[in-house]
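Participant: Could you have a look at this structure, given as structure tokens, before my questions?
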Amino acid sequence: MHFAFTDDQKMLRDTVREVLQRECAPDVVRAVWEGRPESATSVWDTLAETGVVGMTASEASGGMGMSELDLLLPLEEIGYAAFPGPIVDTVAVGIPLLEAAGTDEQKERWLGPAAAGEVRVAVAFEDQDIVADAGAADLLIAQRGGAGYCVPISDVSVTPEQSVDRARALGRVSFETSPQNRMRDDVDMHALFSLSQERAALATAAQLIGLCRRMLDMAVQYAKDREQFGKPIGAQQAVKHRLANALIEQEFARPLVYRAGWSMSTSARDADVAVSLAKIYAGQAARFVAKEALQVHGAIGYTIECDLHMWMKRAWALAAAHGDAAYHRERIGRHIL
Amino acid sequence: MDLDFTDTEAAFRKECRVWLEANVPKEPLPSGDTREGFAQHLAWEHQLFDAGWAAVSWPKKYGGREASLFEWLIFEEEYYRIGAPSRVTQNGIFLLAPTLFEFGTDEQKERTLRPMARGDVTWGQAWSEPNAGSDLASLKSTARRVDGGWRLSGQKTWSTRAAFCDMAYGLFRTDPDQTRHRGLTYFMFPLHTDGVTVRGVDRLDGDEGFAEIFLEDVFVPDSDIIGEVHQGWKVAMATTSSERGLSLRSPGRFMATATRLIDLYHRYRDRSDPVLRDQVIQAWMDAQAYRWFTFQTVTRMMQGESIGPDSSMNKVFWSEMDVRTHETALELIGESSELDVGCESAVDAGHWMKGFQFALAGPIYAGTNEIQRNIISERVLGLPRK
Ligand SMILES: Cc1cc2nc3c(=O)[nH]c(=O)nc-3n(C[C@H](O)[C@H](O)[C@H](O)COP(=O)(O)OP(=O)(O)OC[C@H]3O[C@@H](n4cnc5c(N)ncnc54)[C@H](O)[C@@H]3O)c2cc1C
């Protein structure tokens, strides 16, 4: 038993952290919010240069062949920065799907460019027609009638839908299935898409941890700076205890996320249960931290002038995405009861 | 990262399990917080020690197995899984011993550790006083310098199982000119000697689980001071951080409670509803969260880091989880949850109501959860003290 990341994993995290600190300040997120998605393009490009976008692609496809576990710390940083864009769908889900079930032609056309950051991928699971970042993607991978499809976004009709998180570029997608855009039939697509759902849930949980950390950092800083009654509000015990509770929620969710990453990357027998635990805890922690952070901010936190709202709204969206608490609790219930 | 147990760890688990399955009393012992139960628990402690299981992580020369921290956690998982008796030697083995390992002299270790682990000499903690609870540094008990030692006077209270114990340890003011945490010294002292009166106090559940200790000019030799004279605060803080940290409540205990709750749910599911079902699932998940959090902490400790503020988060988490888990159990049992230990028709011999009452103490002892939250917010988050 050894529960710690390697130095390499931490180095990669630090690289991503530095890039995002430098290039993805809150005003970048705000610009995307306000309808200027191109503001985040250069961040995506830098992430691609550092290799993060191609992390999961095989070395033959220009990637680093990294596992679910390796992805977690970079994704946590991406959550911390509330970086907008289909990073989870591209890196955690799309590229591995292409690699496993793309036809030679599909791989030829999409895989290398996706790993190089030139093609962004959105993923629609069976029965899912509202897709995050569909508006920002170049390629849609979708499961329809059990089969997989790989469709250039130019062949997809995307109707924008409004998310509470305006930076999520939700879109309602529809397209014609055809033999041309169909993925391979000689792989078990059911199993592969199930696995992809686990990956999406795990990657979302990792982002949620990052969102927690940022919201808590904002609230702690605010509690130190804001003065009432002649002293910082953070000197008041009622405020302290809220923030202590927020930290506890966050810190107990974290190891569950890391453990789920390890379980997936080693194909452990109970990986699905581990993912459900991770997603529930990370989602609950994020919602809790959001609520406490808002309360500590007072009215300024209740405006869209204050950056906090962008993180809260991402947290609400992601806590419910890829299986909300009820869905995952039920999976755990089936396992233990 | 490797979250599988190593072959050595797996073999250790098997060895624990085999021994425990063969030796754990088939019938549960009466509460170790009563005089009669305490004696029966001591017999069990002798058996544990003689087979080398009383303090697995200790050096062999003191009766341990030099097990790693992970192996200790494994032992605990197996211990509670099978429902072995509660550890009445806990205040010695898990709280005093770590302090002795850090601050004690060789002579003190030679003299105290083996009898402590075998349960031949039992220990109570004597920190709290009537007017010094959370604010321990305001304590009033004193130690006066005399030839070859000190004379202790004052009153200690809430000392767990002290009514049945042989010895105790705690802080006394040795320098009357200093205030608060300066000028205190850490003493070990006998409970059955001239000048000591111990009066048992019945706890919420009716057991004589803790006691008041009155001291009048009780002689203690210099050799029973741990650490340096006037430096007791620093030494005591080492005990309190192991108390709220790992050693007092390892994950195995809560995993076992969650498993028993699931078993209860199967027996009472007719009475259940989706809300209760969710609470049962939550209890299991919380125990898992605590387990993985602990594994992460222990990995850091094995790399040489100290437990630090994790110990405060730990303490809040396990104590509040334990209360919720027991509340869920009582709701599942419903009307008959009031049937107490001793009532023929009590579900699981009244274990859940008793456990609930004990769980309610968790947020109070080992530093109240309010104090832990103060520590977390000030020392981890860096919020201003005033
Ligand atoms: C089952 C049990 C076993 C125990 N065993 C032992 C033992 O073996 N040896 C021993 O020495 N002691 C023992 N104790 C005592 C325990 O350590 C004390 O109860 C504890 O330190 C709190 O002190 P107090 O009870 O005096 O409460 P107080 O300190 O008077 O606190 C009362 C309430 O006020 C709150 N409060 C106090 N100060 C603050 C603050 N600064 N900020 C916010 N809230 C605050 C507390 O959190 C609590 O809710 C035991 C207690 C119990 C319940």
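Going by the structure tokens order, chains are called A, B, ..., each with residues numbered from 1, while ligands are numbered from 1 in the order shown.
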List the spatial neighbours of segment 6-16 of chain A as a ChimeraX atom specification - criterion: any atom at most 12 Å away, only C-alpha atoms, same-chain residues fewer than 6 positions off excluded.
Facilitator: /A:22-24,43-44,46-53,55,64,66-81,83,210 /B:1-2
Participant: At a cut-off of 9 Å, using only C-alpha atoms, what residues contact Pro96 of chain A? Leave out same-chain residues fewer than 3 positions from it and give the result as JSON, numbers by chain.
Facilitator: {"A": [56, 57, 58, 90, 91, 92, 93, 99, 100, 101, 196]}
Participant: Could you give me, as an MDAnalysis selection string, the residues within 7 Å of segment 77-84 of chain B, counting only C-alpha atoms and dropping anything in the same chain fewer than 2 positions from it?
Facilitator: chainID B and resid 16:17 24 73:75 86 252:253 256
Participant: Counting only C-alpha atoms, which residues of chain B come no farther than 6 Å from chain A, as a list in words?
Facilitator: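 Result: Met1, Asp2, Leu3, Asp4, Phe5, Trp292, Phe293, Gln296, Thr299, Arg373, Ile376, Ser377, Leu383, Pro384, Arg385 and Lys386 of chain B.
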Participant: Env of Tyr302 of chain A: 12 Å cut, atoms = only C-alpha atoms, seq-sep filter 5 positions within chain, self excluded. Answer as a ChimeraX atom specification.
Facilitator: /A:290-291,293-297,307-310,312-313
Participant: Could you list, as a PyMOL selection string, all protein and nucleic acid residues with an atom at most 8 Å from ligand 1, counting only C-alpha atoms and all ligand atoms?
Facilitator: (chain A and resi 237) or (chain B and resi 91+124-136+156-162+170+203+209-210+358+361-362+364-371+374)
Participant: Could the residues in this selection be written to a file with C-alpha atoms, as a PDB file, in the first residue's frame?
Facilitator:
```pdb
ATOM      1  CA  GLN A 237     -15.569  31.831  14.875  1.00  0.00           C
TER       2      GLN A 237
ATOM      3  CA  ASN B  91      -4.899   4.857  27.293  1.00  0.00           C
ATOM      4  CA  GLY B 124      -5.866   6.520  33.068  1.00  0.00           C
ATOM      5  CA  GLN B 125      -5.441   9.951  31.540  1.00  0.00           C
ATOM      6  CA  ALA B 126      -5.642  12.844  33.956  1.00  0.00           C
ATOM      7  CA  TRP B 127      -5.751  16.059  31.980  1.00  0.00           C
ATOM      8  CA  SER B 128      -9.130  17.635  32.614  1.00  0.00           C
ATOM      9  CA  GLU B 129      -9.992  19.473  35.790  1.00  0.00           C
ATOM     10  CA  PRO B 130     -13.306  20.894  36.927  1.00  0.00           C
ATOM     11  CA  ASN B 131     -12.340  24.309  35.603  1.00  0.00           C
ATOM     12  CA  ALA B 132      -9.953  23.280  32.865  1.00  0.00           C
ATOM     13  CA  GLY B 133     -11.601  21.442  29.996  1.00  0.00           C
ATOM     14  CA  SER B 134     -11.036  22.844  26.524  1.00  0.00           C
ATOM     15  CA  ASP B 135      -8.837  25.441  28.150  1.00  0.00           C
ATOM     16  CA  LEU B 136      -6.447  22.885  29.543  1.00  0.00           C
ATOM     17  CA  LYS B 156      -8.557  15.817  37.992  1.00  0.00           C
ATOM     18  CA  THR B 157     -11.782  14.703  36.404  1.00  0.00           C
ATOM     19  CA  TRP B 158     -13.405  12.694  33.586  1.00  0.00           C
ATOM     20  CA  SER B 159     -10.529  10.271  33.731  1.00  0.00           C
ATOM     21  CA  THR B 160     -11.664   7.305  31.665  1.00  0.00           C
ATOM     22  CA  ARG B 161     -11.739   3.997  33.586  1.00  0.00           C
ATOM     23  CA  ALA B 162      -9.589   5.548  36.344  1.00  0.00           C
ATOM     24  CA  GLY B 170      -1.207  14.214  33.413  1.00  0.00           C
ATOM     25  CA  ARG B 203     -21.507   8.194  32.371  1.00  0.00           C
ATOM     26  CA  GLY B 209     -16.800   4.853  32.822  1.00  0.00           C
ATOM     27  CA  PHE B 210     -14.879   7.777  34.181  1.00  0.00           C
ATOM     28  CA  PHE B 358     -20.888   6.346  23.409  1.00  0.00           C
ATOM     29  CA  ALA B 361     -19.100  11.496  23.456  1.00  0.00           C
ATOM     30  CA  GLY B 362     -16.874  11.493  20.369  1.00  0.00           C
ATOM     31  CA  ILE B 364     -16.576  16.043  23.146  1.00  0.00           C
ATOM     32  CA  TYR B 365     -13.531  14.009  24.184  1.00  0.00           C
ATOM     33  CA  ALA B 366     -10.040  14.206  22.685  1.00  0.00           C
ATOM     34  CA  GLY B 367     -10.518  17.955  22.196  1.00  0.00           C
ATOM     35  CA  THR B 368     -14.056  19.030  21.313  1.00  0.00           C
ATOM     36  CA  ASN B 369     -14.932  19.419  17.664  1.00  0.00           C
ATOM     37  CA  GLU B 370     -15.283  23.160  18.145  1.00  0.00           C
ATOM     38  CA  ILE B 371     -11.666  23.265  19.271  1.00  0.00           C
ATOM     39  CA  ASN B 374     -10.570  26.389  15.541  1.00  0.00           C
TER      40      ASN B 374
END
```
